[in-house]
$ cat data-v8.csv   # CSV, C-alpha atoms
chain,number,residue,atom,x,y,z
O,1,MET,CA,-30.5,91.5,75.7
O,2,SER,CA,-32.3,89.3,78.2
O,3,ASP,CA,-33.7,90.8,81.3
O,4,GLU,CA,-33.3,87.5,83.2
O,5,PRO,CA,-31.0,87.8,86.2
O,6,VAL,CA,-27.6,86.2,86.0
O,7,GLY,CA,-27.0,83.0,88.0
O,8,VAL,CA,-29.4,81.2,90.3
O,9,GLY,CA,-31.7,82.0,93.1
O,10,PRO,CA,-31.8,80.5,96.6
O,11,TRP,CA,-31.2,76.8,97.0
O,12,PRO,CA,-34.6,75.1,96.4
O,13,GLY,CA,-36.3,73.7,99.5
O,14,GLY,CA,-34.8,76.1,102.1
O,15,PRO,CA,-32.2,75.4,104.8
O,16,GLU,CA,-33.5,71.9,105.4
O,17,ALA,CA,-32.5,70.9,101.9
O,18,TRP,CA,-29.0,72.4,101.9
O,19,PRO,CA,-26.1,70.1,101.1
O,20,ARG,CA,-24.8,68.1,104.1
O,21,ALA,CA,-21.4,66.6,104.9
O,22,ALA,CA,-20.9,62.9,105.6
O,23,ASP,CA,-21.4,63.5,109.4
O,24,GLY,CA,-24.8,65.1,108.7
O,25,GLY,CA,-23.6,68.7,109.4
O,26,PRO,CA,-23.5,71.5,106.9
O,27,ASP,CA,-21.2,70.9,103.9
O,28,PRO,CA,-18.3,73.4,104.5
O,29,ARG,CA,-17.8,73.7,100.7
O,30,TYR,CA,-21.0,75.7,100.4
O,31,ASP,CA,-21.5,79.3,101.3
O,32,PRO,CA,-24.6,79.8,103.5
O,33,GLU,CA,-25.2,83.3,102.3
O,34,LEU,CA,-25.3,82.1,98.7
O,35,LEU,CA,-27.5,79.1,99.6
O,36,GLU,CA,-29.9,81.5,101.2
O,37,HIS,CA,-29.9,84.4,98.8
O,38,GLY,CA,-28.8,82.9,95.5
O,39,ASP,CA,-25.5,82.9,93.6
O,40,ARG,CA,-25.2,85.7,91.0
O,41,ARG,CA,-21.5,85.3,90.4
O,42,ASN,CA,-19.9,84.8,87.0
O,43,VAL,CA,-19.0,81.2,87.7
O,44,ALA,CA,-19.6,78.0,85.8
O,45,ASP,CA,-22.7,76.0,86.9
O,46,PRO,CA,-20.8,73.3,88.8
O,47,TYR,CA,-19.4,76.0,91.1
O,48,ARG,CA,-22.7,77.6,92.0
O,49,TYR,CA,-23.1,78.1,95.8
O,50,LEU,CA,-19.6,77.0,96.5
O,51,THR,CA,-17.2,79.1,98.6
O,52,VAL,CA,-14.2,80.7,96.9
O,53,GLU,CA,-11.9,78.4,98.8
O,54,ALA,CA,-13.8,75.3,97.6
O,55,ILE,CA,-13.7,76.5,94.0
O,56,VAL,CA,-9.9,77.1,94.2
O,57,ALA,CA,-9.4,73.7,95.8
O,58,ASP,CA,-11.4,72.0,93.0
O,59,LEU,CA,-9.4,73.9,90.3
O,60,ASP,CA,-6.2,72.8,91.9
O,61,ALA,CA,-7.3,69.2,92.1
O,62,ARG,CA,-8.2,69.2,88.4
O,63,ARG,CA,-4.8,70.4,87.3
O,64,PRO,CA,-2.4,67.4,86.5
O,65,ALA,CA,1.0,67.7,88.0
O,66,ASP,CA,2.7,67.0,84.7
O,67,ARG,CA,0.8,69.8,82.9
O,68,ARG,CA,1.2,73.1,84.7
O,69,LEU,CA,0.9,76.5,83.0
O,70,HIS,CA,2.0,79.6,84.8
O,71,VAL,CA,1.6,83.1,83.3
O,72,ALA,CA,3.9,86.0,84.2
O,73,ILE,CA,3.4,89.6,83.3
O,74,GLU,CA,5.9,92.4,83.5
O,75,ASN,CA,4.3,95.4,85.3
O,76,TRP,CA,6.6,98.4,85.1
O,77,ALA,CA,3.8,100.8,84.0
O,78,HIS,CA,0.1,100.8,84.7
O,79,ASP,CA,-0.9,98.4,82.0
O,80,LEU,CA,-4.7,98.0,81.7
O,81,ASN,CA,-4.2,94.7,79.9
O,82,ILE,CA,-3.1,92.8,83.0
O,83,GLY,CA,-6.7,92.3,84.2
O,84,SER,CA,-7.6,90.7,80.9
O,85,VAL,CA,-4.6,88.4,81.0
O,86,VAL,CA,-5.5,87.3,84.5
O,87,ARG,CA,-9.1,86.6,83.4
O,88,THR,CA,-7.8,84.5,80.5
O,89,ALA,CA,-5.4,82.6,82.8
O,90,ASN,CA,-8.4,81.6,84.9
O,91,ALA,CA,-10.2,80.4,81.8
O,92,PHE,CA,-7.4,78.0,81.1
O,93,ASN,CA,-7.0,77.0,84.8
O,94,ALA,CA,-3.4,78.3,85.0
O,95,ALA,CA,-1.5,77.1,88.0
O,96,GLY,CA,-0.5,80.6,88.9
O,97,VAL,CA,-0.2,84.2,87.7
O,98,HIS,CA,3.0,86.1,88.5
O,99,ILE,CA,3.1,89.9,88.5
O,100,VAL,CA,6.7,91.1,87.9
O,101,GLY,CA,7.6,94.6,88.9
O,102,ARG,CA,5.0,96.9,90.5
O,103,ARG,CA,2.8,95.1,93.0
O,104,ARG,CA,-0.3,97.1,92.1
O,105,TRP,CA,-2.2,96.3,88.9
O,106,ASN,CA,-5.6,97.0,87.4
O,107,ARG,CA,-7.9,94.4,88.8
O,108,ARG,CA,-11.0,95.7,87.2
O,109,GLY,CA,-10.4,93.9,83.9
O,110,ALA,CA,-10.0,90.6,85.8
O,111,MET,CA,-13.7,90.6,86.7
O,112,VAL,CA,-12.8,89.1,90.1
O,113,THR,CA,-11.3,86.0,88.5
O,114,ASP,CA,-8.1,86.7,90.5
O,115,ARG,CA,-10.0,85.3,93.5
O,116,TYR,CA,-9.8,81.9,92.0
O,117,LEU,CA,-6.2,82.0,91.0
O,118,HIS,CA,-2.9,81.8,92.9
O,119,VAL,CA,-1.4,85.3,92.2
O,120,HIS,CA,2.2,85.9,93.1
O,121,HIS,CA,4.4,89.0,93.1
O,122,HIS,CA,8.1,89.2,92.1
O,123,PRO,CA,9.9,92.5,92.4
O,124,ASP,CA,12.0,91.9,89.4
O,125,VAL,CA,12.8,89.3,86.6
O,126,GLU,CA,15.6,87.8,88.6
O,127,THR,CA,13.2,86.8,91.4
O,128,LEU,CA,10.9,85.2,88.9
O,129,VAL,CA,13.8,83.2,87.4
O,130,ALA,CA,14.8,82.0,90.9
O,131,TRP,CA,11.2,80.9,91.5
O,132,ALA,CA,10.9,79.2,88.1
O,133,SER,CA,14.2,77.4,88.7
O,134,GLY,CA,13.0,76.1,92.0
O,135,ALA,CA,15.9,77.9,93.8
O,136,SER,CA,13.4,79.9,95.9
O,137,GLY,CA,11.2,77.0,96.8
O,138,GLY,CA,8.7,77.3,93.9
O,139,ALA,CA,6.6,74.2,94.2
O,140,ASP,CA,6.3,73.6,90.5
O,141,GLY,CA,9.9,74.4,89.6
O,142,PRO,CA,12.1,74.0,87.7
O,143,LEU,CA,10.1,75.4,84.8
O,144,PRO,CA,11.2,76.7,81.4
O,145,ILE,CA,10.3,80.3,80.7
O,146,VAL,CA,8.7,81.0,77.3
O,147,GLY,CA,8.6,84.7,76.3
O,148,VAL,CA,5.8,85.9,74.1
O,149,ASP,CA,6.9,88.9,72.0
O,150,ASN,CA,7.8,89.8,68.4
O,151,THR,CA,11.4,90.6,69.1
O,152,PRO,CA,14.4,90.0,66.8
O,153,GLY,CA,15.3,86.3,67.1
O,154,SER,CA,11.9,85.2,68.3
O,155,VAL,CA,10.4,82.1,66.6
O,156,PRO,CA,6.8,81.5,65.3
O,157,LEU,CA,4.4,80.2,67.9
O,158,GLU,CA,2.5,78.3,65.2
O,159,HIS,CA,3.3,74.6,65.1
O,160,ARG,CA,5.8,74.9,67.9
O,161,ALA,CA,5.7,72.4,70.7
O,162,LEU,CA,5.3,74.1,74.0
O,163,PRO,CA,6.5,72.5,77.3
O,164,ALA,CA,3.7,70.9,79.3
O,165,ARG,CA,5.1,72.6,82.4
O,166,CYS,CA,6.2,76.2,81.7
O,167,VAL,CA,5.9,79.9,82.4
O,168,LEU,CA,4.5,82.1,79.6
O,169,LEU,CA,6.2,85.5,80.2
O,170,LEU,CA,4.5,88.6,78.7
O,171,GLY,CA,5.7,92.2,78.5
O,172,GLN,CA,4.2,95.6,78.6
O,173,GLU,CA,1.6,96.6,76.0
O,174,SER,CA,3.8,99.4,74.5
O,175,SER,CA,7.4,98.2,74.9
O,176,GLY,CA,7.1,94.4,75.1
O,177,LEU,CA,9.5,92.3,77.1
O,178,THR,CA,12.4,94.1,78.7
O,179,PRO,CA,16.0,93.1,77.7
O,180,GLN,CA,16.3,91.4,81.2
O,181,ALA,CA,13.1,89.4,80.6
O,182,GLN,CA,14.2,88.4,77.1
O,183,ALA,CA,17.6,87.2,78.5
O,184,ALA,CA,15.8,85.1,81.1
O,185,CYS,CA,13.7,83.2,78.5
O,186,ASP,CA,14.5,79.8,77.3
O,187,VAL,CA,12.8,80.8,74.0
O,188,VAL,CA,10.8,83.7,72.8
O,189,VAL,CA,7.9,83.1,70.5
O,190,HIS,CA,5.9,85.4,68.3
O,191,ILE,CA,2.4,85.2,66.8
O,192,THR,CA,2.7,85.4,63.0
O,193,GLN,CA,0.4,88.2,61.7
O,194,HIS,CA,-1.0,88.5,58.2
O,195,GLY,CA,-2.4,92.1,58.3
O,196,SER,CA,-0.8,95.5,58.3
O,197,THR,CA,-0.5,96.0,62.1
O,198,ARG,CA,2.9,95.2,63.6
O,199,SER,CA,1.6,93.8,66.9
O,200,LEU,CA,-1.4,92.4,68.7
O,201,ASN,CA,-2.9,93.9,71.9
O,202,ALA,CA,-1.1,92.3,74.8
O,203,GLY,CA,-4.3,90.8,76.2
O,204,ALA,CA,-5.1,89.2,72.9
O,205,ALA,CA,-1.6,87.9,72.4
O,206,ALA,CA,-1.7,86.3,75.9
O,207,ALA,CA,-5.0,84.6,75.0
O,208,VAL,CA,-3.6,83.2,71.7
O,209,ALA,CA,-0.5,81.9,73.5
O,210,MET,CA,-2.5,80.3,76.3
O,211,HIS,CA,-4.9,78.7,73.8
O,212,SER,CA,-1.9,77.3,71.8
O,213,TRP,CA,-0.6,75.7,75.0
O,214,ALA,CA,-4.1,74.3,75.9
O,215,LEU,CA,-4.5,72.8,72.4
O,216,GLN,CA,-1.4,70.7,73.1
O,217,HIS,CA,-1.8,69.8,76.7
O,218,LEU,CA,-5.5,70.0,77.8
$ encode --input "data-v8.csv" --output "structure tokens"
Amino acid sequence: MSDEPVGVGPWPGGPEAWPRAADGGPDPRYDPELLEHGDRRNVADPYRYLTVEAIVADLDARRPADRRLHVAIENWAHDLNIGSVVRTANAFNAAGVHIVGRRRWNRRGAMVTDRYLHVHHHPDVETLVAWASGASGGADGPLPIVGVDNTPGSVPLEHRALPARCVLLLGQESSGLTPQAQAACDVVVHITQHGSTRSLNAGAAAAVAMHSWALQHL
């Protein structure tokens, strides 16, 4: 393992060399603290020294209006996988993450990537459905809801066309999608397995589903 520090040091040349706006003043996209002391965050190189708000704005700008992925997660118990799902949603530049059920969730596994995402809370599945349909003013609605679970009646994810604008809905690690969530889905897909285990870890299943969507639309 390398002993080299993560990230970059202070901006070369000192304050006189810091990025400037068109009017000659400080560029508001850059964080003065990071410019002065260095940026050790786990961000891609193009985002070094930028404020969180500037990073979010750039991610939003890069997301085509006709290709919007949202990820929803049922949170009825304290599922440690939610943080991992959120981190993966950031990797695929999801338009939003929706926590359904309990408002509190384990943020440790997200590795602070939730700062760069639009995270929404819905107290129940019905509220998520209203948002996805556009009835509650959801900016990206109406959106079909695609459940991810190996429930009876689900169809293989492999080779299936996924909507370019949709919500991927995931259930709890132990019990999967609730009956209410299954009923709300336009379709439920499962990941075909070829080993002896019945199901994948919820975080791993979410990553496979998001990657399948990305292969088709990014």
$ residues_around --input "data-v8.csv" --residues "stretch 142-156 of chain O" --least-positions-apart "2" --cutoff "8 Å" --atoms "only C-alpha atoms" --output "NGL selection string"
:O and (131-134 or 138 or 140 or 158-160 or 163 or 165-171 or 176-177 or 181-182 or 184-192 or 199 or 205-206 or 209)
$ atom_distance --input "data-v8.csv" --atom1 "atom CA of O:Thr197" --atom2 "atom CA of O:Val100"
27.2 Å
$ closest_residue --input "data-v8.csv" --among "O:Ala164, O:Val112, O:Asn81, O:Ala91" --to "O:Asp66" --atoms "only C-alpha atoms"
O:Ala164
$ atom_distance --input "data-v8.csv" --atom1 "atom CA of O:Asp39" --atom2 "atom CA of O:Val85"
25.0 Å
$ residues_near_point --input "data-v8.csv" --point "(-22.9, 74.6, 91.7)" --cutoff "12 Å" --atoms "all atoms listed in the file" --output "list in words"
Gly7, Val8, Gly9, Pro10, Trp11, Pro19, Arg29, Tyr30, Asp31, Leu34, Leu35, Gly38, Asp39, Arg40, Arg41, Asn42, Val43, Ala44, Asp45, Pro46, Tyr47, Arg48, Tyr49, Leu50, Thr51, Val52, Ala54, Ile55 and Asp58 of chain O
$ closest_residue --input "data-v8.csv" --among "O:Glu173, O:Asp23, O:Glu126, O:Glu36" --to "O:Ala202" --atoms "all atoms listed in the file"
O:Glu173
$ closest_residue --input "data-v8.csv" --among "O:Leu215, O:Val56, O:Met111, O:Val71" --to "O:Leu162" --atoms "only C-alpha atoms"
O:Leu215
$ atom_distance --input "data-v8.csv" --atom1 "atom CA of O:Asn201" --atom2 "atom CA of O:Ala72"
16.1 Å
$ closest_residue --input "data-v8.csv" --among "O:Ala22, O:Ala207, O:Val6, O:Val125" --to "O:Ala183" --atoms "only C-alpha atoms"
O:Val125
$ closest_residue --input "data-v8.csv" --among "O:Arg20, O:His194, O:Arg62, O:Arg68" --to "O:Met210" --atoms "only C-alpha atoms"
O:Arg68
$ residues_around --input "data-v8.csv" --residues "O:Asn106" --least-positions-apart "5" --cutoff "12 Å" --atoms "all atoms listed in the file" --output "PyMOL selection string"
chain O and resi 75+77-87+99+111-112+114
$ build_atoms --input "data-v8.csv" --residues "stretch 147-173 of chain O" --atoms "N, CA, C and O atoms" --output "PDB file, in the frame of the given file"
ATOM      1  N   GLY O 147       8.999  83.275  76.523  1.00  0.00           N
ATOM      2  CA  GLY O 147       8.600  84.700  76.300  1.00  0.00           C
ATOM      3  C   GLY O 147       7.641  84.745  75.115  1.00  0.00           C
ATOM      4  O   GLY O 147       7.715  83.938  74.175  1.00  0.00           O
ATOM      5  N   VAL O 148       6.737  85.711  75.165  1.00  0.00           N
ATOM      6  CA  VAL O 148       5.800  85.900  74.100  1.00  0.00           C
ATOM      7  C   VAL O 148       5.975  87.398  73.615  1.00  0.00           C
ATOM      8  O   VAL O 148       5.534  88.329  74.287  1.00  0.00           O
ATOM      9  N   ASP O 149       6.651  87.580  72.474  1.00  0.00           N
ATOM     10  CA  ASP O 149       6.900  88.900  72.000  1.00  0.00           C
ATOM     11  C   ASP O 149       7.480  88.801  70.558  1.00  0.00           C
ATOM     12  O   ASP O 149       8.152  87.811  70.233  1.00  0.00           O
ATOM     13  N   ASN O 150       7.249  89.799  69.733  1.00  0.00           N
ATOM     14  CA  ASN O 150       7.800  89.800  68.400  1.00  0.00           C
ATOM     15  C   ASN O 150       9.110  90.486  68.290  1.00  0.00           C
ATOM     16  O   ASN O 150       9.306  91.428  67.522  1.00  0.00           O
ATOM     17  N   THR O 151      10.050  90.039  69.073  1.00  0.00           N
ATOM     18  CA  THR O 151      11.400  90.600  69.100  1.00  0.00           C
ATOM     19  C   THR O 151      12.289  89.976  68.096  1.00  0.00           C
ATOM     20  O   THR O 151      12.031  88.854  67.646  1.00  0.00           O
ATOM     21  N   PRO O 152      13.385  90.632  67.719  1.00  0.00           N
ATOM     22  CA  PRO O 152      14.400  90.000  66.800  1.00  0.00           C
ATOM     23  C   PRO O 152      14.863  88.682  67.448  1.00  0.00           C
ATOM     24  O   PRO O 152      15.194  88.628  68.633  1.00  0.00           O
ATOM     25  N   GLY O 153      14.897  87.637  66.641  1.00  0.00           N
ATOM     26  CA  GLY O 153      15.300  86.300  67.100  1.00  0.00           C
ATOM     27  C   GLY O 153      14.222  85.471  67.673  1.00  0.00           C
ATOM     28  O   GLY O 153      14.457  84.286  67.976  1.00  0.00           O
ATOM     29  N   SER O 154      13.005  86.010  67.807  1.00  0.00           N
ATOM     30  CA  SER O 154      11.900  85.200  68.300  1.00  0.00           C
ATOM     31  C   SER O 154      11.486  84.214  67.151  1.00  0.00           C
ATOM     32  O   SER O 154      11.770  84.428  65.974  1.00  0.00           O
ATOM     33  N   VAL O 155      10.809  83.142  67.538  1.00  0.00           N
ATOM     34  CA  VAL O 155      10.400  82.100  66.600  1.00  0.00           C
ATOM     35  C   VAL O 155       8.887  82.027  66.541  1.00  0.00           C
ATOM     36  O   VAL O 155       8.217  82.382  67.513  1.00  0.00           O
ATOM     37  N   PRO O 156       8.301  81.569  65.441  1.00  0.00           N
ATOM     38  CA  PRO O 156       6.800  81.500  65.300  1.00  0.00           C
ATOM     39  C   PRO O 156       6.236  80.580  66.385  1.00  0.00           C
ATOM     40  O   PRO O 156       6.742  79.491  66.633  1.00  0.00           O
ATOM     41  N   LEU O 157       5.141  81.025  66.985  1.00  0.00           N
ATOM     42  CA  LEU O 157       4.400  80.200  67.900  1.00  0.00           C
ATOM     43  C   LEU O 157       3.709  79.050  67.204  1.00  0.00           C
ATOM     44  O   LEU O 157       3.587  77.945  67.742  1.00  0.00           O
ATOM     45  N   GLU O 158       3.266  79.300  65.980  1.00  0.00           N
ATOM     46  CA  GLU O 158       2.500  78.300  65.200  1.00  0.00           C
ATOM     47  C   GLU O 158       3.330  77.033  65.019  1.00  0.00           C
ATOM     48  O   GLU O 158       4.498  77.102  64.629  1.00  0.00           O
ATOM     49  N   HIS O 159       2.707  75.901  65.298  1.00  0.00           N
ATOM     50  CA  HIS O 159       3.300  74.600  65.100  1.00  0.00           C
ATOM     51  C   HIS O 159       4.500  74.305  65.993  1.00  0.00           C
ATOM     52  O   HIS O 159       5.216  73.323  65.779  1.00  0.00           O
ATOM     53  N   ARG O 160       4.708  75.145  66.989  1.00  0.00           N
ATOM     54  CA  ARG O 160       5.800  74.900  67.900  1.00  0.00           C
ATOM     55  C   ARG O 160       5.334  74.155  69.128  1.00  0.00           C
ATOM     56  O   ARG O 160       4.321  74.505  69.718  1.00  0.00           O
ATOM     57  N   ALA O 161       6.081  73.122  69.504  1.00  0.00           N
ATOM     58  CA  ALA O 161       5.700  72.400  70.700  1.00  0.00           C
ATOM     59  C   ALA O 161       6.095  73.206  71.932  1.00  0.00           C
ATOM     60  O   ALA O 161       7.228  73.652  72.089  1.00  0.00           O
ATOM     61  N   LEU O 162       5.114  73.406  72.798  1.00  0.00           N
ATOM     62  CA  LEU O 162       5.300  74.100  74.000  1.00  0.00           C
ATOM     63  C   LEU O 162       5.471  73.161  75.186  1.00  0.00           C
ATOM     64  O   LEU O 162       4.801  72.123  75.209  1.00  0.00           O
ATOM     65  N   PRO O 163       6.328  73.462  76.156  1.00  0.00           N
ATOM     66  CA  PRO O 163       6.500  72.500  77.300  1.00  0.00           C
ATOM     67  C   PRO O 163       5.173  72.374  78.052  1.00  0.00           C
ATOM     68  O   PRO O 163       4.412  73.331  78.227  1.00  0.00           O
ATOM     69  N   ALA O 164       4.914  71.169  78.526  1.00  0.00           N
ATOM     70  CA  ALA O 164       3.700  70.900  79.300  1.00  0.00           C
ATOM     71  C   ALA O 164       3.737  71.632  80.640  1.00  0.00           C
ATOM     72  O   ALA O 164       2.698  71.960  81.209  1.00  0.00           O
ATOM     73  N   ARG O 165       4.920  71.855  81.161  1.00  0.00           N
ATOM     74  CA  ARG O 165       5.100  72.600  82.400  1.00  0.00           C
ATOM     75  C   ARG O 165       5.986  73.796  82.065  1.00  0.00           C
ATOM     76  O   ARG O 165       7.161  73.618  81.717  1.00  0.00           O
ATOM     77  N   CYS O 166       5.445  74.994  82.139  1.00  0.00           N
ATOM     78  CA  CYS O 166       6.200  76.200  81.700  1.00  0.00           C
ATOM     79  C   CYS O 166       5.618  77.435  82.291  1.00  0.00           C
ATOM     80  O   CYS O 166       4.518  77.442  82.847  1.00  0.00           O
ATOM     81  N   VAL O 167       6.358  78.520  82.103  1.00  0.00           N
ATOM     82  CA  VAL O 167       5.900  79.900  82.400  1.00  0.00           C
ATOM     83  C   VAL O 167       5.825  80.639  81.083  1.00  0.00           C
ATOM     84  O   VAL O 167       6.819  80.705  80.357  1.00  0.00           O
ATOM     85  N   LEU O 168       4.661  81.177  80.759  1.00  0.00           N
ATOM     86  CA  LEU O 168       4.500  82.100  79.600  1.00  0.00           C
ATOM     87  C   LEU O 168       4.784  83.507  80.180  1.00  0.00           C
ATOM     88  O   LEU O 168       4.069  83.961  81.086  1.00  0.00           O
ATOM     89  N   LEU O 169       5.781  84.193  79.658  1.00  0.00           N
ATOM     90  CA  LEU O 169       6.200  85.500  80.200  1.00  0.00           C
ATOM     91  C   LEU O 169       5.790  86.574  79.123  1.00  0.00           C
ATOM     92  O   LEU O 169       6.231  86.520  77.971  1.00  0.00           O
ATOM     93  N   LEU O 170       4.989  87.544  79.550  1.00  0.00           N
ATOM     94  CA  LEU O 170       4.500  88.600  78.700  1.00  0.00           C
ATOM     95  C   LEU O 170       5.014  89.959  79.124  1.00  0.00           C
ATOM     96  O   LEU O 170       5.192  90.198  80.324  1.00  0.00           O
ATOM     97  N   GLY O 171       5.231  90.834  78.168  1.00  0.00           N
ATOM     98  CA  GLY O 171       5.700  92.200  78.500  1.00  0.00           C
ATOM     99  C   GLY O 171       4.651  93.213  78.501  1.00  0.00           C
ATOM    100  O   GLY O 171       3.455  92.926  78.450  1.00  0.00           O
ATOM    101  N   GLN O 172       5.089  94.459  78.559  1.00  0.00           N
ATOM    102  CA  GLN O 172       4.200  95.600  78.600  1.00  0.00           C
ATOM    103  C   GLN O 172       3.508  95.774  77.215  1.00  0.00           C
ATOM    104  O   GLN O 172       4.048  95.375  76.172  1.00  0.00           O
ATOM    105  N   GLU O 173       2.352  96.404  77.218  1.00  0.00           N
ATOM    106  CA  GLU O 173       1.600  96.600  76.000  1.00  0.00           C
ATOM    107  C   GLU O 173       2.447  97.447  74.989  1.00  0.00           C
ATOM    108  O   GLU O 173       2.512  97.110  73.808  1.00  0.00           O
TER     109      GLU O 173
END
